[in-house]
Every structure is written in C-alpha cells, then in structure tokens.
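Source file: input_19.txt. Holds: compact mmCIF, C-alpha atoms and all ligand atoms.
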```
# COMPACT_ATOMS: atom_id res chain seq x y z
CA MET J 4 -52.05 -19.72 -76.05
CA GLU J 5 -54.63 -22.20 -74.92
CA ARG J 6 -54.09 -25.86 -75.83
CA ILE J 7 -55.90 -26.90 -78.99
CA ARG J 8 -58.77 -29.37 -78.72
CA LEU J 9 -57.90 -32.18 -81.10
CA GLY J 10 -60.74 -34.03 -82.77
CA ILE J 11 -59.87 -37.19 -84.64
CA ASN J 12 -62.09 -38.05 -87.58
CA ILE J 13 -62.56 -41.82 -87.74
CA ASP J 14 -64.64 -42.00 -90.94
CA HIS J 15 -61.95 -43.85 -92.84
CA VAL J 16 -61.70 -46.60 -90.27
CA ALA J 17 -65.28 -47.28 -91.32
CA THR J 18 -64.32 -46.95 -95.00
CA LEU J 19 -61.86 -49.80 -94.56
CA ARG J 20 -64.37 -51.90 -92.63
CA ASN J 21 -67.03 -51.37 -95.27
CA ALA J 22 -64.66 -52.45 -98.06
CA ARG J 23 -65.31 -56.03 -96.89
CA GLY J 24 -68.73 -55.49 -95.40
CA GLY J 25 -67.78 -56.96 -92.04
CA VAL J 26 -67.07 -55.55 -88.60
CA HIS J 27 -63.28 -55.03 -88.73
CA PRO J 28 -61.75 -52.52 -88.16
CA ASP J 29 -64.28 -51.23 -85.64
CA PRO J 30 -64.63 -47.41 -85.38
CA LEU J 31 -65.54 -47.74 -81.69
CA ARG J 32 -62.20 -49.43 -81.03
CA ALA J 33 -60.54 -46.57 -82.93
CA ALA J 34 -62.40 -44.08 -80.72
CA ARG J 35 -60.96 -45.77 -77.63
CA LEU J 36 -57.47 -45.40 -79.09
CA VAL J 37 -58.07 -41.70 -79.76
CA ALA J 38 -58.51 -41.30 -76.00
CA VAL J 39 -55.33 -43.30 -75.30
CA ALA J 40 -53.37 -41.14 -77.78
CA GLY J 41 -54.38 -37.80 -76.27
CA GLY J 42 -57.15 -36.79 -78.66
CA ASP J 43 -59.95 -34.76 -77.09
CA GLN J 44 -62.94 -35.73 -79.18
CA VAL J 45 -64.06 -38.16 -81.85
CA THR J 46 -65.42 -36.76 -85.09
CA ALA J 47 -67.61 -38.83 -87.40
CA HIS J 48 -69.56 -37.87 -90.52
CA LEU J 49 -72.84 -39.68 -91.06
CA ARG J 50 -73.26 -39.18 -94.78
CA GLU J 51 -76.57 -39.44 -96.57
CA ASP J 52 -75.24 -42.42 -98.59
CA ARG J 53 -73.70 -44.07 -95.45
CA ARG J 54 -70.51 -44.74 -97.38
CA HIS J 55 -68.42 -44.98 -94.21
CA ILE J 56 -69.93 -44.23 -90.79
CA SER J 57 -73.24 -46.05 -90.17
CA ASP J 58 -76.23 -45.24 -87.99
CA ASP J 59 -75.10 -47.99 -85.62
CA ASP J 60 -71.64 -46.40 -85.39
CA ILE J 61 -73.15 -43.08 -84.34
CA ALA J 62 -75.37 -44.83 -81.80
CA ALA J 63 -72.39 -46.72 -80.35
CA LEU J 64 -70.12 -43.65 -80.28
CA ALA J 65 -72.80 -41.59 -78.55
CA ARG J 66 -73.76 -44.37 -76.13
CA GLU J 67 -70.25 -45.42 -75.11
CA ALA J 68 -69.15 -41.77 -74.80
CA VAL J 69 -65.47 -42.73 -74.85
CA LEU J 70 -64.82 -39.09 -75.72
CA PRO J 71 -67.17 -36.25 -76.69
CA LEU J 72 -68.67 -36.95 -80.12
CA ASN J 73 -68.58 -34.34 -82.87
CA MET J 74 -71.12 -35.47 -85.47
CA GLU J 75 -70.64 -34.04 -88.94
CA MET J 76 -73.88 -33.92 -90.86
CA ALA J 77 -75.79 -32.28 -93.68
CA ALA J 78 -78.60 -29.91 -92.73
CA THR J 79 -81.38 -32.35 -93.62
CA ASP J 80 -84.44 -33.37 -91.61
CA GLU J 81 -83.17 -36.95 -91.45
CA MET J 82 -79.79 -35.96 -89.98
CA VAL J 83 -81.31 -33.45 -87.55
CA ALA J 84 -83.66 -36.16 -86.26
CA ILE J 85 -80.74 -38.56 -85.75
CA ALA J 86 -78.67 -35.91 -83.99
CA CYS J 87 -81.56 -34.92 -81.74
CA ARG J 88 -81.97 -38.59 -80.78
CA HIS J 89 -78.32 -39.09 -79.82
CA ARG J 90 -77.53 -35.57 -78.63
CA PRO J 91 -73.82 -35.58 -79.49
CA PHE J 92 -71.58 -33.10 -77.70
CA ALA J 93 -71.23 -31.22 -80.97
CA CYS J 94 -72.70 -31.10 -84.46
CA CYS J 95 -70.82 -29.70 -87.42
CA ILE J 96 -73.02 -28.87 -90.38
CA VAL J 97 -71.32 -29.60 -93.69
CA PRO J 98 -72.44 -29.36 -97.31
CA GLU J 99 -72.95 -32.70 -98.99
CA ARG J 100 -73.10 -33.77 -102.59
CA ARG J 101 -73.56 -37.43 -103.34
CA GLN J 102 -70.95 -37.62 -106.08
CA GLU J 103 -68.12 -35.90 -104.21
CA LEU J 104 -65.15 -37.91 -102.92
CA THR J 105 -65.00 -35.82 -99.76
CA THR J 106 -66.49 -32.55 -98.49
CA GLU J 107 -65.31 -30.36 -101.32
CA GLY J 108 -66.07 -26.83 -100.22
CA GLY J 109 -67.55 -24.95 -97.32
CA LEU J 110 -71.21 -24.48 -96.61
CA ASP J 111 -72.87 -21.50 -98.28
CA ALA J 112 -74.06 -20.11 -94.96
CA ALA J 113 -74.61 -16.65 -96.44
CA GLY J 114 -76.90 -18.04 -99.14
CA GLN J 115 -78.83 -20.43 -96.89
CA LYS J 116 -79.55 -18.43 -93.76
CA ALA J 117 -83.28 -19.15 -93.79
CA HIS J 118 -82.70 -22.90 -94.11
CA LEU J 119 -79.83 -23.14 -91.63
CA ALA J 120 -81.11 -20.95 -88.78
CA PRO J 121 -83.91 -23.35 -87.67
CA VAL J 122 -81.58 -26.36 -88.06
CA VAL J 123 -79.01 -24.73 -85.80
CA ALA J 124 -81.73 -23.80 -83.31
CA ARG J 125 -83.08 -27.37 -83.14
CA LEU J 126 -79.63 -28.87 -82.59
CA ARG J 127 -78.76 -26.31 -79.93
CA GLU J 128 -82.09 -26.96 -78.16
CA ALA J 129 -81.17 -30.66 -78.13
CA GLY J 130 -78.01 -29.69 -76.26
CA SER J 131 -75.33 -29.87 -78.96
CA ARG J 132 -72.76 -27.19 -79.68
CA VAL J 133 -73.21 -26.30 -83.35
CA SER J 134 -70.54 -25.32 -85.83
CA LEU J 135 -70.79 -24.51 -89.52
CA PHE J 136 -68.05 -25.75 -91.86
CA VAL J 137 -67.29 -22.74 -94.03
CA ASP J 138 -64.60 -21.44 -96.34
CA PRO J 139 -62.44 -18.74 -94.77
CA GLU J 140 -64.50 -15.86 -96.16
CA ILE J 141 -65.73 -12.94 -94.06
CA ALA J 142 -69.28 -13.06 -95.52
CA GLN J 143 -69.61 -16.71 -94.44
CA ILE J 144 -68.36 -15.98 -90.93
CA GLU J 145 -70.78 -13.09 -90.51
CA ALA J 146 -73.61 -15.28 -91.78
CA ALA J 147 -72.71 -18.02 -89.28
CA ARG J 148 -73.02 -15.47 -86.49
CA GLU J 149 -76.41 -14.29 -87.78
CA ILE J 150 -77.63 -17.87 -88.09
CA GLY J 151 -76.87 -18.42 -84.40
CA ALA J 152 -74.05 -20.98 -84.63
CA ASP J 153 -71.71 -21.39 -81.67
CA ALA J 154 -68.67 -21.93 -83.86
CA VAL J 155 -67.30 -22.00 -87.37
CA GLU J 156 -64.97 -24.68 -88.66
CA LEU J 157 -62.71 -23.10 -91.26
CA HIS J 158 -62.12 -25.28 -94.32
CA THR J 159 -58.36 -25.75 -94.66
CA GLY J 160 -58.59 -27.80 -97.88
CA ALA J 161 -57.55 -25.02 -100.28
CA TYR J 162 -54.53 -24.22 -98.07
CA CYS J 163 -53.48 -27.87 -97.80
CA ASP J 164 -53.97 -28.59 -101.50
CA ALA J 165 -51.98 -25.54 -102.66
CA PRO J 166 -48.32 -26.02 -103.63
CA PRO J 167 -46.14 -24.99 -100.65
CA ASP J 168 -45.09 -21.72 -102.31
CA ASP J 169 -48.70 -20.69 -102.81
CA ARG J 170 -49.95 -21.43 -99.31
CA GLU J 171 -49.32 -18.04 -97.71
CA CYS J 172 -52.36 -16.33 -99.24
CA HIS J 173 -54.59 -19.17 -98.03
CA LEU J 174 -53.10 -18.85 -94.57
CA GLU J 175 -53.79 -15.12 -94.62
CA ALA J 176 -57.44 -15.85 -95.44
CA LEU J 177 -57.59 -18.34 -92.55
CA ARG J 178 -56.02 -15.81 -90.16
CA ALA J 179 -58.40 -13.02 -91.21
CA ALA J 180 -61.44 -15.30 -90.96
CA ALA J 181 -60.33 -16.54 -87.52
CA ARG J 182 -59.88 -12.97 -86.27
CA CYS J 183 -63.23 -11.88 -87.62
CA GLY J 184 -65.05 -14.89 -86.16
CA ALA J 185 -63.48 -14.47 -82.73
CA GLU J 186 -64.41 -10.78 -82.70
CA LEU J 187 -68.00 -11.78 -83.44
CA GLY J 188 -67.93 -14.15 -80.46
CA LEU J 189 -67.73 -17.41 -82.44
CA GLU J 190 -65.53 -20.32 -81.42
CA ILE J 191 -63.00 -20.97 -84.19
CA HIS J 192 -62.24 -24.48 -85.41
CA ALA J 193 -60.41 -25.67 -88.52
CA GLY J 194 -59.92 -28.83 -90.48
CA HIS J 195 -59.72 -30.78 -93.73
CA GLY J 196 -56.65 -32.19 -95.40
CA LEU J 197 -54.27 -31.41 -92.53
CA SER J 198 -51.01 -33.37 -92.22
CA TYR J 199 -47.84 -33.08 -90.13
CA GLU J 200 -46.53 -30.73 -92.80
CA THR J 201 -49.50 -28.38 -92.97
CA VAL J 202 -50.87 -28.40 -89.43
CA ALA J 203 -48.31 -26.23 -87.63
CA ALA J 204 -49.10 -22.95 -89.41
CA VAL J 205 -52.82 -23.46 -88.75
CA ALA J 206 -52.29 -24.43 -85.11
CA ALA J 207 -50.26 -21.24 -84.65
CA ILE J 208 -53.32 -19.07 -85.41
CA PRO J 209 -54.20 -17.96 -81.88
CA GLU J 210 -57.99 -17.76 -82.31
CA ILE J 211 -58.23 -21.41 -83.41
CA VAL J 212 -59.23 -23.60 -80.47
CA GLU J 213 -60.11 -26.88 -82.21
CA LEU J 214 -58.75 -28.92 -85.11
CA ASN J 215 -60.42 -31.95 -86.69
CA ILE J 216 -58.12 -34.31 -88.57
CA GLY J 217 -58.81 -37.71 -90.09
CA HIS J 218 -57.70 -39.03 -93.45
CA PHE J 219 -53.99 -38.36 -93.05
CA LEU J 220 -53.89 -40.02 -89.62
CA VAL J 221 -55.78 -43.13 -90.68
CA GLY J 222 -53.29 -43.40 -93.56
CA GLU J 223 -50.31 -42.93 -91.27
CA ALA J 224 -51.75 -45.56 -88.94
CA ILE J 225 -50.97 -48.17 -91.58
CA PHE J 226 -47.28 -47.42 -91.20
CA VAL J 227 -46.82 -46.48 -87.54
CA GLY J 228 -50.07 -47.42 -85.78
CA PHE J 229 -53.05 -45.22 -84.93
CA VAL J 230 -51.87 -44.18 -81.46
CA ALA J 231 -48.37 -43.22 -82.62
CA ALA J 232 -49.78 -41.26 -85.57
CA ILE J 233 -52.11 -39.26 -83.30
CA GLU J 234 -49.43 -38.73 -80.63
CA ARG J 235 -47.10 -37.23 -83.22
CA MET J 236 -49.87 -34.94 -84.49
CA ARG J 237 -50.56 -33.85 -80.91
CA MET J 238 -46.89 -33.02 -80.47
CA VAL J 239 -46.65 -31.02 -83.71
CA ILE J 240 -49.76 -29.04 -82.75
CA ASP J 241 -48.66 -28.40 -79.16
CA THR J 242 -45.21 -27.28 -80.35
CA ALA J 243 -46.75 -24.86 -82.86
CA ARG J 244 -48.84 -23.40 -80.02
CA GLN J 245 -45.81 -22.55 -77.88
CA PRO J 246 -44.65 -18.94 -78.05
CA GLN J 247 -41.79 -18.55 -80.56
CA ARG J 248 -38.52 -17.31 -79.09
N1 LIG B 301 -63.69 -31.25 -90.69
C1 LIG B 301 -64.73 -31.45 -91.52
C2 LIG B 301 -65.93 -30.56 -91.36
C3 LIG B 301 -64.74 -32.48 -92.46
O1 LIG B 301 -65.79 -32.65 -93.27
C4 LIG B 301 -63.62 -33.33 -92.54
C5 LIG B 301 -63.62 -34.47 -93.52
O2 LIG B 301 -64.65 -35.32 -93.24
C6 LIG B 301 -62.56 -33.11 -91.65
C7 LIG B 301 -62.60 -32.05 -90.76
C8 LIG B 301 -61.35 -33.98 -91.65
O3 LIG B 301 -60.70 -33.89 -92.87
P1 LIG B 301 -59.54 -34.91 -93.22
O4 LIG B 301 -60.12 -36.28 -93.16
O5 LIG B 301 -59.10 -34.49 -94.57
O6 LIG B 301 -58.47 -34.71 -92.16
```
Translate the structure of the given file into structure tokens.
Amino acid sequence: MERIRLGINIDHVATLRNARGGVHPDPLRAARLVAVAGGDQVTAHLREDRRHISDDDIAALAREAVLPLNMEMAATDEMVAIACRHRPFACCIVPERRQELTTEGGLDAAGQKAHLAPVVARLREAGSRVSLFVDPEIAQIEAAREIGADAVELHTGAYCDAPPDDRECHLEALRAAARCGAELGLEIHAGHGLSYETVAAVAAIPEIVELNIGHFLVGEAIFVGFVAAIERMRMVIDTARQPQR
C-alpha cells in the first residue's frame, strides 16, 4: 500500500498563542517542525471568528511554503477570496457554526450541491486541490463527485468518540465510504479526533491516502515535544500500512 500523506493541523498552536494575545508559540515555527518530523503537509483552519489561525498565519504559511498548505475553510465568499489570493496547495471545505467547539459534523454536500459546485470550481481554477469534509455516508460521497471535488475527507470523529467496543460499525462505514469514493475516482482522506490508539485501523484502509491530525498531537507535544509526537504518529501509521503477516 502506498505511504500515507500525513497532514499536521497546527490550529491549536495558534489557540495557545492567542490565549495571551502575543506571538508565542508561532504556528510558522510549528510548520517548520512538521517538516523536520516527517509530516507531508501543514493543515490550518481559518475560521470565520479567527479563534485560532489568523489571516497573517495563512499568509505566512502560504508565503514561506515550508510544506504544502492545506487550508480548511467554510464555503463563504470571504474564505474563497482569501484562498484564491494565497492559492494553497489544497483547500478542504468544512461546515462551520460559530458556537461549536470544533467541526462537529461533515458538510451536507448532498443538500448544498448548488452552493458548493461554484465554490469548488473557483478554488480549482485558482490551482488548489479541493476536498470536501463529509461524514462517511454514500450519498455524501456521490454528491462530492457530482460537485466536482478532487477528494473527500472522511470525518472520523464518530469513530474516535465511540467507546472501543462500539467502533467497528463506524469503521465499516469508513471502509465502505472509502471504497465508494475511490471507485468514483475521488482521492480519499480522513481526519478528526485521531490519536495513537485510533489511527491504525483508519490507516489500514487501503483507499485512504491522506490523514490530517492536530489536536491530539499538539496535546502530546506538551509531554514529549512536537517532533517526537509527530514521529511516533508517523511510525504508527506506517506500521498499520504494512501488509499483515
Ligand atoms: N480534518 C478536518 C477537516 C478538520 O476540521 C480537523 C479539525 O480542525 C482535522 C482534520 C483535525 O482534527 P483533530 O484536531 O481532531 O486531529
């Protein structure tokens, strides 16, 4: 199986910085460490309320191009204009509600085709690869294909949040969605809530070519350092990708 592209989400480096309103810790410095640790891309979510990543962060991450930038964004005119200005390597369209603590569910691609199709087209014309962050449901995958996305990112939150004994049905949904998406010609990504404990079963799904992981690693960094936390994640993922004997 092909090696998984590992995107590291650095939003919560910015959360910590913003807690004091200063410049430390700097997400750009974190992005440089992602490269040192063997990550393949940097993922950052510019939220409408700018609660973590700022416009200046996106500008710096795009300008410095330490690693390809995957910009997570809502499908709004403001975000599309920003993305078209910076032309990140990739854009991942996510749903956004102001009150939520984090991205709570997948995008309703099936219910918003008319709104999403022109957004995807504009981002692709600007040169970005576009993915839609969706729940692992066949109707959403088919809609993503119709909308013209390059990829889907499967929301792994329900799987990660389930008690270990209840995870199998969520994994089955992820496997079925991954198979369906790959058959339709979509690139298959996954992310949200992944940890050392939950990542292996997802990384073992052969159609998945990219994982985006953030909160757990920024938390682990407090105890073992950012580079060591990412290196261990890389190892767990790569091991899960090896054929089982
Ligand atoms: N992928 C997407 C689309 C996300 O919105 C997020 C959270 O911002 C992640 C991956 C990373 O999730 P986590 O921080 O829980 O690892």
How would you write, as a ChimeraX atom specification, the set of residues no farther than 6 Å from ligand LIG 301 (chain B) when counting all atoms listed in the file? /J:12,97,106,136,194-197,215-219
Same residues, C-alpha atoms, saved as a PDB file, keeping the file's coordinate frame:
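Listed below is the output, part.pdb:
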```pdb
ATOM      1  CA  ASN J  12     -62.090 -38.050 -87.580  1.00  0.00           C
ATOM      2  CA  VAL J  97     -71.320 -29.600 -93.690  1.00  0.00           C
ATOM      3  CA  THR J 106     -66.490 -32.550 -98.490  1.00  0.00           C
ATOM      4  CA  PHE J 136     -68.050 -25.750 -91.860  1.00  0.00           C
ATOM      5  CA  GLY J 194     -59.920 -28.830 -90.480  1.00  0.00           C
ATOM      6  CA  HIS J 195     -59.720 -30.780 -93.730  1.00  0.00           C
ATOM      7  CA  GLY J 196     -56.650 -32.190 -95.400  1.00  0.00           C
ATOM      8  CA  LEU J 197     -54.270 -31.410 -92.530  1.00  0.00           C
ATOM      9  CA  ASN J 215     -60.420 -31.950 -86.690  1.00  0.00           C
ATOM     10  CA  ILE J 216     -58.120 -34.310 -88.570  1.00  0.00           C
ATOM     11  CA  GLY J 217     -58.810 -37.710 -90.090  1.00  0.00           C
ATOM     12  CA  HIS J 218     -57.700 -39.030 -93.450  1.00  0.00           C
ATOM     13  CA  PHE J 219     -53.990 -38.360 -93.050  1.00  0.00           C
TER      14      PHE J 219
END
```
So that I can see what lies close to J:Val69, please list as a short mmCIF file (atom, residue, chain, number, x, y, z; two decimals) with C-alpha atoms, in the frame of the given file the residues with an atom at most 10 Å from it, counting all atoms listed in the file and leaving out residues fewer than 2 positions away in the same chain.
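The resulting file, part23.cif, is reproduced below:
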```
data_model
loop_
_atom_site.label_atom_id
_atom_site.label_comp_id
_atom_site.auth_asym_id
_atom_site.auth_seq_id
_atom_site.Cartn_x
_atom_site.Cartn_y
_atom_site.Cartn_z
CA LEU J 31 -65.54 -47.74 -81.69
CA ARG J 32 -62.20 -49.43 -81.03
CA ALA J 34 -62.40 -44.08 -80.72
CA ARG J 35 -60.96 -45.77 -77.63
CA LEU J 36 -57.47 -45.40 -79.09
CA VAL J 37 -58.07 -41.70 -79.76
CA ALA J 38 -58.51 -41.30 -76.00
CA ASP J 43 -59.95 -34.76 -77.09
CA GLN J 44 -62.94 -35.73 -79.18
CA VAL J 45 -64.06 -38.16 -81.85
CA ALA J 63 -72.39 -46.72 -80.35
CA LEU J 64 -70.12 -43.65 -80.28
CA ALA J 65 -72.80 -41.59 -78.55
CA ARG J 66 -73.76 -44.37 -76.13
CA GLU J 67 -70.25 -45.42 -75.11
CA PRO J 71 -67.17 -36.25 -76.69
CA LEU J 72 -68.67 -36.95 -80.12
#
```
Given all atoms listed in the file as the basis, pick out the residue of J:Gly108, J:Gly151, J:Gly42, J:Pro139 nearest to J:His192. J:Pro139
Atom CA of J:His158 and atom CA of J:Asn21 are how many Å apart?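 Spanning atom CA of J:His158 to atom CA of J:Asn21 is a straight-line distance of 26.6 Å.
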So how far away is atom CA of J:Glu81 from atom CA of J:Ala113, in Å? 22.6 Å
Find the distance between atom CA of J:Ile144 and atom CA of J:Gly184 and write it in Å to one decimal. 5.9 Å
With distances taken over all atoms listed in the file, which of J:Gly222, J:Gly160, J:Pro30, J:Pro209 is nearest to J:Arg178? J:Pro209
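Counting only C-alpha atoms, the residue from J:Ile13, J:Ala93, J:Ala193, J:Leu177 that sits nearest to J:Ser57 is J:Ile13.
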Which residue of J:Gln245, J:Thr46, J:Thr159, J:Ser131 approaches J:Ile11 most closely, using only C-alpha atoms: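 Among the listed residues, the smallest separation from J:Ile11 belongs to J:Thr46.
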Looking at all atoms listed in the file, which of J:Met76, J:Ala180, J:Leu174, J:Cys163 is the one that sits closest to J:Asp138? J:Ala180
Contacts of J:Gly24 within 12 Å, only C-alpha atoms, excl. fewer than 4 positions in-chain, as a PyMOL selection string: chain J and resi 17-20+28-29+54-55+57
Choose the residue, out of J:Ile7, J:Val137, J:Leu187, J:Ala129, that has the smallest atom-to-atom separation from J:Ala207; count all atoms listed in the file. J:Ile7
Exercise: residues within 8 Å of coordinate (-71.4, -17.4, -98.6), counting only C-alpha atoms, as a count of residues only: 9
